[in-house]
Amino acid sequence: MMVAAALLLLGGLTAVGAPRLLALADWPDREPVVALWVWQCVVAAVLLCCALSMTLSAAAAWQAVRGHVFAGAPHGVVDAYAFGATGPWAAATAVTLACAGVWSGAMLVREVVGARARRRRRQAELLLRAPLLPGEEPAKGRLVVLEGERPDAWWLPGTAPQLVVTTAALRRLEGRKLDAVLAHEQGHAQARHDWLLHCSDALAGGFPQVPVFAAFRDEMHRLVELAADDMASRRHGRLTTALALVELNEDKGVFGPAPTAQAHVPQRVHRLLSAPDRLPPVRRLGLTATAALAPVVPVLVTLVPGLRALG
């Protein structure tokens with residue numbers, strides 16, 4: 001059946017072409033929130049192409065599936081998809097894509113379960129290092145202050161996200177710099193960036209050989225930091241946010257010649273200090289709307305034979 005093959009081809013072209021186009025574009029660093037949306041739409045379009053191709057292949061291979069998928073549809077619509085002309089590849093395609101879908105779900109479950117286990121361990125560590133006073137009740141969304149010689153701040157996602165800051169960070173950061181760091185972490189919590197990271201890590205971990213999923217993971221980890229930087233800078237200024245980022249990370253060796261796990265920090269500081277101009281509102285709206293159309297295209301491709309039969 002040609003529609004299922006066309007969907008696979010469309011998904012492959014999207015998976016190969018979209019990351020290259022986004023890598024060549026100069027606007028994602030200027031508009032990280034829009035870039036996050038575009039990446040999600042691209043990955044959704046690829047996954048939707050696979051899901052629809054699996055459904056049509058299964059409908060071509062097995063009459064029972066066809067009866068459920070096209071229940072109530074006129075005979076002319078069913079005939080337009082030419083299910084009778086399919087070869088043995090339809091069942092193999094359906095089974096392969098179904099296995100890939102089950103594997104994706106399993107990887108997502110593994111990622112979420114692992115993240116929850118890590119969060120529980122960190123919460124237990126927080127409770128050990130910052131125990132509740134007698135009679136004190138745990139408060140939702142509270143700020144946790146830890147004794148520590150290294151300045152640091154982070155957030156623990158969950159139903160009640162917690163902001164954690166060390167005493168060294170409180171001593172080093174003063175006034176608006178501390179406010180900027182806290183606003184950055186609050187930006188992560190409010191946007192629920194943890195779910196984007198879970199999904200991207202699950203896809204990249206389940207399909208390490210698929211370039212679009214690896215690029216999706218790398219860009220999610222980078223863009224969520226830029227989006228949180230922008231939220232902090234809008235509240236407290238770019239210079240203040242950049243200085244806070246420097247003072248918080250200068251003891252970690254991230255500004256030295258040797259690469260570290262946080263090598264992206266100097267680029268973030270440079271971006272804040274260079275103050276790139278935002279895109280005009282019309283172009284932001286255009287990019288957002290264009291990206292939203294990406295998952296619609298596979299649906300339209302799927303419906304073309306049926307619409308022709310009805311028309």
# chains A, B, ... in the order shown; residues from 1 in each chain; ligands from 1
>>> closest_atom_pairs(of="region 93-183 of chain A", to="region 50-66 of chain A", cutoff="7 Å", atoms="only C-alpha atoms", output="Markdown table")
| residue | atom | partner | partner_atom | distance |
| --- | --- | --- | --- | --- |
| A:Thr93 | CA | A:Ser57 | CA | 6.4 |
| A:Ala94 | CA | A:Met54 | CA | 4.6 |
| A:Leu97 | CA | A:Met54 | CA | 5.7 |
| A:Ala98 | CA | A:Met54 | CA | 6.7 |
>>> residues_around(residues="Trp37 (chain A)", least_positions_apart="3", cutoff="9 Å", atoms="only C-alpha atoms", output="mmCIF file with N, CA and C atoms, in the first residue's frame")
data_model
loop_
_atom_site.group_PDB
_atom_site.id
_atom_site.type_symbol
_atom_site.label_atom_id
_atom_site.label_comp_id
_atom_site.auth_asym_id
_atom_site.auth_seq_id
_atom_site.Cartn_x
_atom_site.Cartn_y
_atom_site.Cartn_z
ATOM 1 N N PRO A 32 14.697 30.463 22.418
ATOM 2 C CA PRO A 32 14.729 29.058 22.850
ATOM 3 C C PRO A 32 13.354 28.459 23.100
ATOM 4 N N VAL A 33 12.390 29.256 23.547
ATOM 5 C CA VAL A 33 11.053 28.715 23.791
ATOM 6 C C VAL A 33 10.417 28.282 22.476
ATOM 7 N N VAL A 34 10.561 29.109 21.439
ATOM 8 C CA VAL A 34 10.037 28.728 20.122
ATOM 9 C C VAL A 34 10.764 27.499 19.596
ATOM 10 N N GLN A 40 9.672 19.793 19.445
ATOM 11 C CA GLN A 40 8.599 18.880 19.859
ATOM 12 C C GLN A 40 7.680 18.545 18.689
ATOM 13 N N CYS A 41 7.372 19.533 17.862
ATOM 14 C CA CYS A 41 6.508 19.285 16.701
ATOM 15 C C CYS A 41 7.192 18.375 15.693
ATOM 16 N N VAL A 42 8.498 18.551 15.492
ATOM 17 C CA VAL A 42 9.231 17.700 14.550
ATOM 18 C C VAL A 42 9.207 16.253 15.013
ATOM 19 N N THR A 288 5.970 29.453 15.039
ATOM 20 C CA THR A 288 5.126 28.624 15.905
ATOM 21 C C THR A 288 4.017 27.949 15.104
ATOM 22 N N ALA A 291 5.467 25.253 12.676
ATOM 23 C CA ALA A 291 5.823 24.029 13.393
ATOM 24 C C ALA A 291 4.588 23.226 13.779
ATOM 25 N N ALA A 292 3.514 23.933 14.141
ATOM 26 C CA ALA A 292 2.288 23.235 14.525
ATOM 27 C C ALA A 292 1.696 22.457 13.356
#
>>> closest_residue(among="A:Ala294, A:Arg235, A:Ala4, A:Phe216", to="Ala23 (chain A)", atoms="only C-alpha atoms")
A:Phe216
>>> select_by_dssp(residues="region 94-265 of chain A", states="helix (DSSP H, G or I)", output="ChimeraX atom specification")
/A:94-129,167-172,176-191,193-206,211-236,238-252,264-265
>>> closest_residue(among="A:Leu223, A:Ala228, A:Leu48, A:Cys199", to="Leu108 (chain A)", atoms="only C-alpha atoms")
A:Cys199
>>> closest_residue(among="A:Thr241, A:Leu8, A:Pro298, A:Val254", to="Leu272 (chain A)", atoms="only C-alpha atoms")
A:Thr241
>>> select_by_dssp(residues="region 111-259 of chain A", states="strand (DSSP E or B)", output="PyMOL selection string")
chain A and resi 143-146+153-156+162-166
>>> closest_residue(among="A:Pro157, A:Arg283, A:Ala242, A:Ala183", to="Trp195 (chain A)", atoms="only C-alpha atoms")
A:Pro157
>>> atom_distance(atom1="CA of Leu248 (chain A)", atom2="CA of Pro161 (chain A)")
21.1 Å
